[in-house]
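Data from final.pdb: PDB, C-alpha atoms
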```pdb
MODEL        1
ATOM      1  CA  ARG D 298     241.405 -47.820  67.850
ATOM      2  CA  ALA D 299     237.774 -48.509  68.802
ATOM      3  CA  VAL D 300     236.790 -44.909  68.007
ATOM      4  CA  GLN D 301     238.544 -45.130  64.642
ATOM      5  CA  ALA D 302     236.510 -48.281  63.967
ATOM      6  CA  GLY D 303     233.276 -46.372  64.534
ATOM      7  CA  ALA D 304     232.690 -46.452  68.298
ATOM      8  CA  PHE D 305     231.254 -43.245  69.772
ATOM      9  CA  ASP D 306     233.591 -43.310  72.797
ATOM     10  CA  PHE D 307     235.330 -45.804  75.054
ATOM     11  CA  LEU D 308     235.476 -46.526  78.797
ATOM     12  CA  VAL D 309     238.477 -47.730  80.756
ATOM     13  CA  LYS D 310     237.850 -50.131  83.656
ATOM     14  CA  PRO D 311     237.208 -49.480  86.465
ATOM     15  CA  PHE D 312     234.869 -46.668  85.461
ATOM     16  CA  ALA D 313     232.578 -44.377  87.463
ATOM     17  CA  LEU D 314     228.860 -44.509  86.728
ATOM     18  CA  ASP D 315     228.669 -40.749  86.167
ATOM     19  CA  ARG D 316     231.216 -41.212  83.351
ATOM     20  CA  VAL D 317     228.988 -43.903  81.828
ATOM     21  CA  THR D 318     225.935 -41.631  82.123
ATOM     22  CA  ASP D 319     227.795 -38.745  80.486
ATOM     23  CA  VAL D 320     229.010 -40.849  77.550
ATOM     24  CA  VAL D 321     225.583 -42.376  76.902
ATOM     25  CA  ALA D 322     223.836 -39.002  77.185
ATOM     26  CA  ARG D 323     226.247 -37.494  74.658
ATOM     27  CA  ALA D 324     225.742 -40.467  72.371
ATOM     28  CA  VAL D 325     221.975 -39.916  72.508
ATOM     29  CA  ALA D 326     222.459 -36.247  71.629
ATOM     30  CA  ASP D 327     224.825 -37.164  68.796
ATOM     31  CA  ARG D 328     222.309 -39.654  67.422
ATOM     32  CA  ALA D 329     219.640 -36.963  67.451
ATOM     33  CA  GLY D 330     221.859 -34.590  65.501
ATOM     34  CA  ALA D 331     224.515 -32.820  67.543
ATOM     35  CA  ALA D 332     225.615 -32.478  71.126
ATOM     36  CA  LEU D 333     224.091 -29.437  72.767
ATOM     37  CA  PRO D 334     224.525 -27.723  76.136
ATOM     38  CA  ASP D 335     222.087 -29.302  78.588
ATOM     39  CA  ASP D 336     219.996 -26.131  78.957
ATOM     40  CA  ALA D 337     219.374 -25.814  75.217
ATOM     41  CA  GLU D 338     216.214 -27.005  73.550
ATOM     42  CA  GLY D 339     216.563 -30.645  72.512
ATOM     43  CA  ALA D 340     219.786 -31.081  74.486
ATOM     44  CA  ALA D 341     220.740 -34.272  76.247
ATOM     45  CA  PRO D 342     220.054 -33.747  79.973
ATOM     46  CA  VAL D 343     223.024 -34.011  82.304
ATOM     47  CA  LEU D 344     223.132 -34.718  86.036
ATOM     48  CA  VAL D 345     226.277 -33.584  87.820
ATOM     49  CA  GLY D 346     227.897 -35.087  90.909
ATOM     50  CA  ALA D 347     230.681 -37.342  92.144
ATOM     51  CA  THR D 348     229.650 -37.996  95.756
ATOM     52  CA  PRO D 349     228.496 -41.434  96.945
ATOM     53  CA  ALA D 350     224.928 -40.104  97.099
ATOM     54  CA  MET D 351     225.010 -39.206  93.406
ATOM     55  CA  GLN D 352     226.837 -42.405  92.454
ATOM     56  CA  ALA D 353     223.855 -44.240  93.958
ATOM     57  CA  VAL D 354     221.512 -42.056  91.886
ATOM     58  CA  PHE D 355     223.431 -42.814  88.683
ATOM     59  CA  SER D 356     223.296 -46.521  89.430
ATOM     60  CA  ARG D 357     219.565 -46.378  90.056
ATOM     61  CA  ILE D 358     218.964 -44.345  86.887
ATOM     62  CA  ALA D 359     220.854 -46.927  84.821
ATOM     63  CA  SER D 360     218.558 -49.613  86.228
ATOM     64  CA  LEU D 361     215.412 -47.559  85.620
ATOM     65  CA  ALA D 362     216.447 -46.720  82.055
ATOM     66  CA  ALA D 363     216.620 -50.433  81.275
ATOM     67  CA  SER D 364     213.053 -50.903  82.508
ATOM     68  CA  ASP D 365     209.756 -49.734  81.064
ATOM     69  CA  ALA D 366     207.792 -49.479  84.318
ATOM     70  CA  PRO D 367     206.268 -46.252  85.633
ATOM     71  CA  VAL D 368     208.633 -44.345  87.912
ATOM     72  CA  LEU D 369     208.010 -42.145  90.949
ATOM     73  CA  VAL D 370     210.822 -39.647  91.594
ATOM     74  CA  THR D 371     210.791 -38.049  95.042
ATOM     75  CA  GLY D 372     212.938 -35.486  96.815
ATOM     76  CA  ALA D 373     213.002 -31.973  98.218
ATOM     77  CA  PRO D 374     212.459 -28.948  95.933
ATOM     78  CA  GLY D 375     215.508 -28.174  93.821
ATOM     79  CA  THR D 376     217.072 -31.637  93.977
ATOM     80  CA  GLY D 377     216.741 -32.277  90.242
ATOM     81  CA  LYS D 378     213.713 -34.565  90.062
ATOM     82  CA  THR D 379     212.583 -33.405  86.621
ATOM     83  CA  LEU D 380     216.124 -33.512  85.268
ATOM     84  CA  ALA D 381     216.515 -37.055  86.577
ATOM     85  CA  ALA D 382     213.292 -38.032  84.807
ATOM     86  CA  ARG D 383     214.648 -36.616  81.546
ATOM     87  CA  VAL D 384     217.921 -38.521  81.992
ATOM     88  CA  ILE D 385     216.000 -41.764  82.522
ATOM     89  CA  HIS D 386     214.194 -41.083  79.244
ATOM     90  CA  ALA D 387     217.399 -40.148  77.391
ATOM     91  CA  LEU D 388     219.090 -43.387  78.412
ATOM     92  CA  SER D 389     216.087 -45.607  77.696
ATOM     93  CA  CYS D 390     214.962 -47.376  74.549
ATOM     94  CA  ARG D 391     212.377 -44.584  74.142
ATOM     95  CA  ALA D 392     215.075 -41.925  73.714
ATOM     96  CA  THR D 393     214.363 -41.397  70.011
ATOM     97  CA  ALA D 394     210.726 -40.594  70.828
ATOM     98  CA  GLY D 395     209.524 -37.489  72.616
ATOM     99  CA  CYS D 396     209.803 -36.559  76.279
ATOM    100  CA  VAL D 397     206.856 -34.369  77.276
ATOM    101  CA  THR D 398     206.880 -32.624  80.657
ATOM    102  CA  THR D 399     204.168 -30.694  82.471
ATOM    103  CA  ASN D 400     203.832 -29.352  86.006
ATOM    104  CA  LEU D 401     200.397 -30.157  87.383
ATOM    105  CA  SER D 402     200.676 -27.589  90.168
ATOM    106  CA  ALA D 403     201.119 -24.834  87.559
ATOM    107  CA  LEU D 404     197.822 -25.678  85.849
ATOM    108  CA  ALA D 405     194.333 -24.724  86.929
ATOM    109  CA  PRO D 406     192.642 -27.850  88.348
ATOM    110  CA  THR D 407     189.933 -27.596  85.719
ATOM    111  CA  ALA D 408     192.506 -27.477  82.923
ATOM    112  CA  VAL D 409     194.541 -30.587  83.806
ATOM    113  CA  ASP D 410     192.106 -33.079  82.277
ATOM    114  CA  ALA D 411     192.084 -31.292  78.915
ATOM    115  CA  GLU D 412     195.848 -30.745  79.065
ATOM    116  CA  LEU D 413     196.521 -34.451  79.455
ATOM    117  CA  TRP D 414     193.744 -36.077  77.421
ATOM    118  CA  GLY D 415     193.008 -33.253  75.016
ATOM    119  CA  THR D 416     189.809 -31.880  73.561
ATOM    120  CA  PRO D 417     187.971 -32.412  70.284
ATOM    121  CA  ALA D 418     189.990 -29.485  68.939
ATOM    122  CA  ARG D 419     193.458 -30.631  69.958
ATOM    123  CA  PRO D 420     195.268 -33.711  71.272
ATOM    124  CA  GLY D 421     196.481 -33.845  74.859
ATOM    125  CA  LEU D 422     199.962 -34.428  76.210
ATOM    126  CA  ILE D 423     199.438 -38.181  76.571
ATOM    127  CA  ALA D 424     198.875 -38.427  72.838
ATOM    128  CA  ALA D 425     201.683 -35.942  72.139
ATOM    129  CA  ALA D 426     204.152 -38.097  74.067
ATOM    130  CA  GLY D 427     203.430 -40.959  71.679
ATOM    131  CA  SER D 428     205.739 -43.869  72.397
ATOM    132  CA  GLY D 429     208.092 -41.619  74.375
ATOM    133  CA  THR D 430     207.905 -40.505  77.993
ATOM    134  CA  LEU D 431     205.371 -38.349  79.825
ATOM    135  CA  VAL D 432     206.770 -36.603  82.909
ATOM    136  CA  LEU D 433     204.165 -35.320  85.361
ATOM    137  CA  ASP D 434     205.732 -32.961  87.861
ATOM    138  CA  ALA D 435     203.914 -32.353  91.165
ATOM    139  CA  ILE D 436     201.739 -35.451  90.815
ATOM    140  CA  HIS D 437     200.349 -34.686  94.274
ATOM    141  CA  ALA D 438     198.461 -31.757  92.727
ATOM    142  CA  ALA D 439     196.321 -34.041  90.521
ATOM    143  CA  SER D 440     192.599 -33.831  91.241
ATOM    144  CA  PRO D 441     190.612 -36.930  92.253
ATOM    145  CA  THR D 442     189.210 -37.137  88.712
ATOM    146  CA  VAL D 443     192.660 -36.971  87.115
ATOM    147  CA  GLN D 444     194.013 -39.484  89.619
ATOM    148  CA  ALA D 445     191.223 -41.910  88.708
ATOM    149  CA  ARG D 446     191.909 -41.540  84.989
ATOM    150  CA  LEU D 447     195.650 -42.006  85.473
ATOM    151  CA  ALA D 448     195.054 -45.140  87.535
ATOM    152  CA  ARG D 449     192.893 -46.572  84.740
ATOM    153  CA  LEU D 450     195.495 -45.545  82.162
ATOM    154  CA  LEU D 451     198.243 -47.421  83.964
ATOM    155  CA  GLU D 452     196.021 -50.432  84.540
ATOM    156  CA  THR D 453     194.329 -50.999  81.195
ATOM    157  CA  ASP D 454     196.313 -49.406  78.365
ATOM    158  CA  ASP D 455     198.561 -51.538  76.192
ATOM    159  CA  ALA D 456     202.104 -50.809  77.412
ATOM    160  CA  ALA D 457     203.482 -51.215  73.899
ATOM    161  CA  ARG D 458     201.355 -48.345  72.594
ATOM    162  CA  ARG D 459     201.470 -45.735  75.347
ATOM    163  CA  ALA D 460     204.086 -43.385  76.701
ATOM    164  CA  ARG D 461     206.043 -44.319  79.763
ATOM    165  CA  LEU D 462     204.888 -42.333  82.784
ATOM    166  CA  ILE D 463     207.347 -40.749  85.201
ATOM    167  CA  ALA D 464     205.873 -38.729  88.066
ATOM    168  CA  THR D 465     207.687 -36.443  90.492
ATOM    169  CA  THR D 466     206.736 -35.029  93.866
ATOM    170  CA  ASP D 467     208.197 -33.340  96.929
ATOM    171  CA  VAL D 468     205.217 -34.389  99.067
ATOM    172  CA  ASP D 469     204.754 -37.522 101.183
ATOM    173  CA  LEU D 470     202.148 -39.349  99.100
ATOM    174  CA  ASP D 471     201.632 -42.027 101.733
ATOM    175  CA  ARG D 472     200.431 -39.319 104.096
ATOM    176  CA  LEU D 473     198.054 -38.034 101.412
ATOM    177  CA  VAL D 474     196.707 -41.555 100.979
ATOM    178  CA  VAL D 475     195.967 -41.706 104.715
ATOM    179  CA  THR D 476     194.058 -38.419 104.540
ATOM    180  CA  GLY D 477     192.194 -39.511 101.414
ATOM    181  CA  ALA D 478     193.797 -36.837  99.216
ATOM    182  CA  PHE D 479     195.596 -39.349  96.990
ATOM    183  CA  ARG D 480     194.493 -42.699  95.575
ATOM    184  CA  ALA D 481     196.268 -45.722  97.017
ATOM    185  CA  ASP D 482     195.903 -47.694  93.774
ATOM    186  CA  LEU D 483     197.512 -44.913  91.742
ATOM    187  CA  LEU D 484     200.390 -44.637  94.207
ATOM    188  CA  ASP D 485     200.956 -48.391  94.019
ATOM    189  CA  ARG D 486     201.161 -48.248  90.230
ATOM    190  CA  LEU D 487     203.361 -45.153  90.143
ATOM    191  CA  ARG D 488     205.933 -46.603  92.478
ATOM    192  CA  ALA D 489     206.440 -49.780  90.518
ATOM    193  CA  ALA D 490     209.907 -48.218  90.407
ATOM    194  CA  THR D 491     211.210 -45.348  92.524
ATOM    195  CA  LEU D 492     214.090 -42.895  92.637
ATOM    196  CA  VAL D 493     214.903 -40.718  95.650
ATOM    197  CA  MET D 494     216.940 -37.597  94.867
ATOM    198  CA  PRO D 495     219.340 -36.641  97.673
ATOM    199  CA  HIS D 496     219.213 -33.244  99.327
ATOM    200  CA  LEU D 497     222.188 -30.965  98.692
ATOM    201  CA  THR D 498     223.168 -31.368 102.350
ATOM    202  CA  GLU D 499     223.841 -35.033 101.554
ATOM    203  CA  ARG D 500     226.259 -34.111  98.761
ATOM    204  CA  LEU D 501     228.135 -31.029  99.926
ATOM    205  CA  ASP D 502     231.316 -32.225  98.204
ATOM    206  CA  ASP D 503     229.487 -31.706  94.892
ATOM    207  CA  LEU D 504     229.214 -27.936  95.428
ATOM    208  CA  GLU D 505     232.385 -27.137  93.521
ATOM    209  CA  VAL D 506     231.565 -29.336  90.531
ATOM    210  CA  LEU D 507     228.003 -27.978  90.494
ATOM    211  CA  ALA D 508     229.297 -24.414  90.482
ATOM    212  CA  ALA D 509     231.643 -25.226  87.596
ATOM    213  CA  HIS D 510     228.777 -26.854  85.701
ATOM    214  CA  PHE D 511     226.421 -23.892  86.065
ATOM    215  CA  LEU D 512     229.152 -21.381  85.262
ATOM    216  CA  GLY D 513     229.885 -23.377  82.127
ATOM    217  CA  ARG D 514     226.213 -23.257  81.121
ATOM    218  CA  GLN D 515     226.153 -19.496  81.547
ATOM    219  CA  ALA D 516     229.331 -19.161  79.506
ATOM    220  CA  VAL D 517     227.827 -21.151  76.641
ATOM    221  CA  ARG D 518     224.618 -19.131  76.807
ATOM    222  CA  ARG D 519     226.477 -15.812  76.736
ATOM    223  CA  GLY D 520     229.233 -16.888  74.350
ATOM    224  CA  CYS D 521     232.056 -16.038  76.716
ATOM    225  CA  ALA D 522     234.813 -17.774  78.674
ATOM    226  CA  ARG D 523     233.763 -19.644  81.793
ATOM    227  CA  ALA D 524     234.444 -17.833  85.060
ATOM    228  CA  PRO D 525     236.868 -19.711  87.323
ATOM    229  CA  VAL D 526     235.669 -21.527  90.421
ATOM    230  CA  VAL D 527     237.357 -20.292  93.582
ATOM    231  CA  THR D 528     238.048 -23.476  95.528
ATOM    232  CA  GLU D 529     238.951 -21.568  98.681
ATOM    233  CA  ALA D 530     235.388 -20.267  98.883
ATOM    234  CA  PHE D 531     234.052 -23.815  99.262
ATOM    235  CA  VAL D 532     236.741 -24.690 101.800
ATOM    236  CA  ALA D 533     235.788 -21.621 103.849
ATOM    237  CA  ALA D 534     232.090 -22.498 103.590
TER     238      ALA D 534
ENDMDL
END
```

Kindly present the structure from the file in structure tokens form.
Amino acid sequence: RAVQAGAFDFLVKPFALDRVTDVVARAVADRAGAALPDDAEGAAPVLVGATPAMQAVFSRIASLAASDAPVLVTGAPGTGKTLAARVIHALSCRATAGCVTTNLSALAPTAVDAELWGTPARPGLIAAAGSGTLVLDAIHAASPTVQARLARLLETDDAARRARLIATTDVDLDRLVVTGAFRADLLDRLRAATLVMPHLTERLDDLEVLAAHFLGRQAVRRGCARAPVVTEAFVAA
């Protein structure tokens, strides 16, 4: 009845947070035009998991999406830090604006400044993000000069006019602060809010659902039926 009255979807109590995240993400995609597979350009990002570790992540993401503070996402390589950052953006009030992502470790150190702040010939990613979200992967790779400029950006810019900053790293930034490789003031500002992504070893019961998810993505990409997941293989593992 609620859907017939114009609601996008409905939830039955008690509901799991991953169900809430899925519904909201699809609603964001629908508002932008049409629901797309999560690996397609412009698609609503989707995190997959039903274990307690991921339920805690979904709960934290819901809290972060309701905030406008900078976020520091940490975790081992391959744990979905960038995807989590995109989900935070998709569920936030900035969802209708852009989400711009760049990996600082993939850029030449001399190119990062121009990439972020631009040149006389072209705007940088900070300007391109507008009132949306700027995701800086591998924030530990930022040079001292870039760190100083980011610290000033977070300190002095009008929050109503700049993009929200979400940084990710798989490095212990506190240790870098001790060695002098990372600015303490920038770290303090980045971790106004934090999210720790669990290692796969902490969510082994998600292996089957993850396999089904990735097989489904491949099926959509190739236009074929999804291959079945052999449950016995996970039991044997």

Quiz item: Can you tell me, as a PyMOL selection string, what residues are no more than 9 Å from Thr465 in chain D when counting only C-alpha atoms, ignoring any on the same chain fewer than 6 positions away?
Solution: chain D and resi 368-372+378-379+382+432-437

Could you write out that same residue set with C-alpha atoms as a PDB file, in the frame of the given file?
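That gives us out11.pdb:
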```pdb
ATOM      1  CA  VAL D 368     208.633 -44.345  87.912  1.00  0.00           C
ATOM      2  CA  LEU D 369     208.010 -42.145  90.949  1.00  0.00           C
ATOM      3  CA  VAL D 370     210.822 -39.647  91.594  1.00  0.00           C
ATOM      4  CA  THR D 371     210.791 -38.049  95.042  1.00  0.00           C
ATOM      5  CA  GLY D 372     212.938 -35.486  96.815  1.00  0.00           C
ATOM      6  CA  LYS D 378     213.713 -34.565  90.062  1.00  0.00           C
ATOM      7  CA  THR D 379     212.583 -33.405  86.621  1.00  0.00           C
ATOM      8  CA  ALA D 382     213.292 -38.032  84.807  1.00  0.00           C
ATOM      9  CA  VAL D 432     206.770 -36.603  82.909  1.00  0.00           C
ATOM     10  CA  LEU D 433     204.165 -35.320  85.361  1.00  0.00           C
ATOM     11  CA  ASP D 434     205.732 -32.961  87.861  1.00  0.00           C
ATOM     12  CA  ALA D 435     203.914 -32.353  91.165  1.00  0.00           C
ATOM     13  CA  ILE D 436     201.739 -35.451  90.815  1.00  0.00           C
ATOM     14  CA  HIS D 437     200.349 -34.686  94.274  1.00  0.00           C
TER      15      HIS D 437
END
```

Quiz prompt | All residues 12 Å or closer to Arg461 in chain D, only C-alpha atoms, same chain fewer than 2 positions away omitted, as a ChimeraX atom specification | solution = /D:361-362,364-369,382-383,385-386,389-392,394-398,423-424,426-433,450-451,454-459,463-464,487,490

Save out the residues we just selected, C-alpha atoms, as a PDB file, in the coordinates of the input.
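Everything below was put into again.pdb:
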```pdb
ATOM      1  CA  LEU D 361     215.412 -47.559  85.620  1.00  0.00           C
ATOM      2  CA  ALA D 362     216.447 -46.720  82.055  1.00  0.00           C
ATOM      3  CA  SER D 364     213.053 -50.903  82.508  1.00  0.00           C
ATOM      4  CA  ASP D 365     209.756 -49.734  81.064  1.00  0.00           C
ATOM      5  CA  ALA D 366     207.792 -49.479  84.318  1.00  0.00           C
ATOM      6  CA  PRO D 367     206.268 -46.252  85.633  1.00  0.00           C
ATOM      7  CA  VAL D 368     208.633 -44.345  87.912  1.00  0.00           C
ATOM      8  CA  LEU D 369     208.010 -42.145  90.949  1.00  0.00           C
ATOM      9  CA  ALA D 382     213.292 -38.032  84.807  1.00  0.00           C
ATOM     10  CA  ARG D 383     214.648 -36.616  81.546  1.00  0.00           C
ATOM     11  CA  ILE D 385     216.000 -41.764  82.522  1.00  0.00           C
ATOM     12  CA  HIS D 386     214.194 -41.083  79.244  1.00  0.00           C
ATOM     13  CA  SER D 389     216.087 -45.607  77.696  1.00  0.00           C
ATOM     14  CA  CYS D 390     214.962 -47.376  74.549  1.00  0.00           C
ATOM     15  CA  ARG D 391     212.377 -44.584  74.142  1.00  0.00           C
ATOM     16  CA  ALA D 392     215.075 -41.925  73.714  1.00  0.00           C
ATOM     17  CA  ALA D 394     210.726 -40.594  70.828  1.00  0.00           C
ATOM     18  CA  GLY D 395     209.524 -37.489  72.616  1.00  0.00           C
ATOM     19  CA  CYS D 396     209.803 -36.559  76.279  1.00  0.00           C
ATOM     20  CA  VAL D 397     206.856 -34.369  77.276  1.00  0.00           C
ATOM     21  CA  THR D 398     206.880 -32.624  80.657  1.00  0.00           C
ATOM     22  CA  ILE D 423     199.438 -38.181  76.571  1.00  0.00           C
ATOM     23  CA  ALA D 424     198.875 -38.427  72.838  1.00  0.00           C
ATOM     24  CA  ALA D 426     204.152 -38.097  74.067  1.00  0.00           C
ATOM     25  CA  GLY D 427     203.430 -40.959  71.679  1.00  0.00           C
ATOM     26  CA  SER D 428     205.739 -43.869  72.397  1.00  0.00           C
ATOM     27  CA  GLY D 429     208.092 -41.619  74.375  1.00  0.00           C
ATOM     28  CA  THR D 430     207.905 -40.505  77.993  1.00  0.00           C
ATOM     29  CA  LEU D 431     205.371 -38.349  79.825  1.00  0.00           C
ATOM     30  CA  VAL D 432     206.770 -36.603  82.909  1.00  0.00           C
ATOM     31  CA  LEU D 433     204.165 -35.320  85.361  1.00  0.00           C
ATOM     32  CA  LEU D 450     195.495 -45.545  82.162  1.00  0.00           C
ATOM     33  CA  LEU D 451     198.243 -47.421  83.964  1.00  0.00           C
ATOM     34  CA  ASP D 454     196.313 -49.406  78.365  1.00  0.00           C
ATOM     35  CA  ASP D 455     198.561 -51.538  76.192  1.00  0.00           C
ATOM     36  CA  ALA D 456     202.104 -50.809  77.412  1.00  0.00           C
ATOM     37  CA  ALA D 457     203.482 -51.215  73.899  1.00  0.00           C
ATOM     38  CA  ARG D 458     201.355 -48.345  72.594  1.00  0.00           C
ATOM     39  CA  ARG D 459     201.470 -45.735  75.347  1.00  0.00           C
ATOM     40  CA  ILE D 463     207.347 -40.749  85.201  1.00  0.00           C
ATOM     41  CA  ALA D 464     205.873 -38.729  88.066  1.00  0.00           C
ATOM     42  CA  LEU D 487     203.361 -45.153  90.143  1.00  0.00           C
ATOM     43  CA  ALA D 490     209.907 -48.218  90.407  1.00  0.00           C
TER      44      ALA D 490
END
```

Exercise. Just the residues within 8 Å of range 473-484 of chain D, please, counting only C-alpha atoms, with nothing from its chain fewer than 3 positions along; format it as a VMD selection string.
Key: chain D and resid 437 441 444 to 445 447 to 448 469 to 470 487 to 488

If the PyMOL selection byres ((chain D and resi 500) around 10) is run on the structure shown, which residues does it catch, given as a compact mmCIF listing (two decimals) with C-alpha atoms, keeping the file's coordinate frame?
```txt
# COMPACT_ATOMS: atom_id res chain seq x y z
CA GLY D 346 227.90 -35.09 90.91
CA ALA D 347 230.68 -37.34 92.14
CA THR D 348 229.65 -38.00 95.76
CA PRO D 349 228.50 -41.43 96.94
CA ALA D 350 224.93 -40.10 97.10
CA MET D 351 225.01 -39.21 93.41
CA PRO D 495 219.34 -36.64 97.67
CA HIS D 496 219.21 -33.24 99.33
CA LEU D 497 222.19 -30.96 98.69
CA THR D 498 223.17 -31.37 102.35
CA GLU D 499 223.84 -35.03 101.55
CA LEU D 501 228.14 -31.03 99.93
CA ASP D 502 231.32 -32.22 98.20
CA ASP D 503 229.49 -31.71 94.89
CA LEU D 504 229.21 -27.94 95.43
```

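Atom pair CA of Pro406 in chain D / CA of Gly375 in chain D: separated by 23.5 Å.
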
Quiz item: In Å, how far is it from CA of Thr376 in chain D to CA of Met494 in chain D?
Solution: 6.0 Å

Quiz item: Which is closer to Asp467 in chain D than all the others in D:Ser402, D:Thr407, D:Thr442, D:Ser360, using only C-alpha atoms?
Solution: D:Ser402

Atoms added to range 437-456 of chain D (N, CA and C atoms), reported as a short mmCIF file (atom, residue, chain, number, x, y, z; two decimals), in the coordinates of the input:
```cif
data_model
loop_
_atom_site.label_atom_id
_atom_site.label_comp_id
_atom_site.auth_asym_id
_atom_site.auth_seq_id
_atom_site.Cartn_x
_atom_site.Cartn_y
_atom_site.Cartn_z
N HIS D 437 201.23 -34.85 93.12
CA HIS D 437 200.35 -34.69 94.27
C HIS D 437 199.25 -33.66 94.03
N ALA D 438 199.44 -32.80 93.02
CA ALA D 438 198.46 -31.76 92.73
C ALA D 438 197.32 -32.26 91.84
N ALA D 439 197.38 -33.50 91.39
CA ALA D 439 196.32 -34.04 90.52
C ALA D 439 195.00 -34.14 91.29
N SER D 440 193.93 -33.76 90.63
CA SER D 440 192.60 -33.83 91.24
C SER D 440 192.15 -35.28 91.34
N PRO D 441 191.13 -35.56 92.16
CA PRO D 441 190.61 -36.93 92.25
C PRO D 441 190.21 -37.50 90.89
N THR D 442 189.62 -36.67 90.04
CA THR D 442 189.21 -37.14 88.71
C THR D 442 190.42 -37.53 87.87
N VAL D 443 191.45 -36.68 87.88
CA VAL D 443 192.66 -36.97 87.12
C VAL D 443 193.37 -38.19 87.68
N GLN D 444 193.41 -38.30 89.00
CA GLN D 444 194.01 -39.48 89.62
C GLN D 444 193.32 -40.77 89.16
N ALA D 445 191.98 -40.73 89.12
CA ALA D 445 191.22 -41.91 88.71
C ALA D 445 191.53 -42.27 87.26
N ARG D 446 191.63 -41.27 86.39
CA ARG D 446 191.91 -41.54 84.99
C ARG D 446 193.34 -42.05 84.79
N LEU D 447 194.28 -41.52 85.56
CA LEU D 447 195.65 -42.01 85.47
C LEU D 447 195.76 -43.45 85.96
N ALA D 448 195.03 -43.76 87.03
CA ALA D 448 195.05 -45.14 87.54
C ALA D 448 194.52 -46.11 86.48
N ARG D 449 193.45 -45.71 85.80
CA ARG D 449 192.89 -46.57 84.74
C ARG D 449 193.86 -46.67 83.57
N LEU D 450 194.53 -45.55 83.26
CA LEU D 450 195.50 -45.54 82.16
C LEU D 450 196.62 -46.54 82.42
N LEU D 451 197.14 -46.53 83.63
CA LEU D 451 198.24 -47.42 83.96
C LEU D 451 197.80 -48.87 84.08
N GLU D 452 196.52 -49.07 84.35
CA GLU D 452 196.02 -50.43 84.54
C GLU D 452 195.61 -51.11 83.24
N THR D 453 194.98 -50.35 82.33
CA THR D 453 194.33 -51.00 81.19
C THR D 453 195.00 -50.77 79.85
N ASP D 454 195.76 -49.69 79.69
CA ASP D 454 196.31 -49.41 78.36
C ASP D 454 197.41 -50.38 77.99
N ASP D 455 197.52 -50.66 76.71
CA ASP D 455 198.56 -51.54 76.19
C ASP D 455 199.91 -50.85 76.34
N ALA D 456 200.82 -51.44 77.13
CA ALA D 456 202.10 -50.81 77.41
C ALA D 456 202.92 -50.56 76.14
#
```
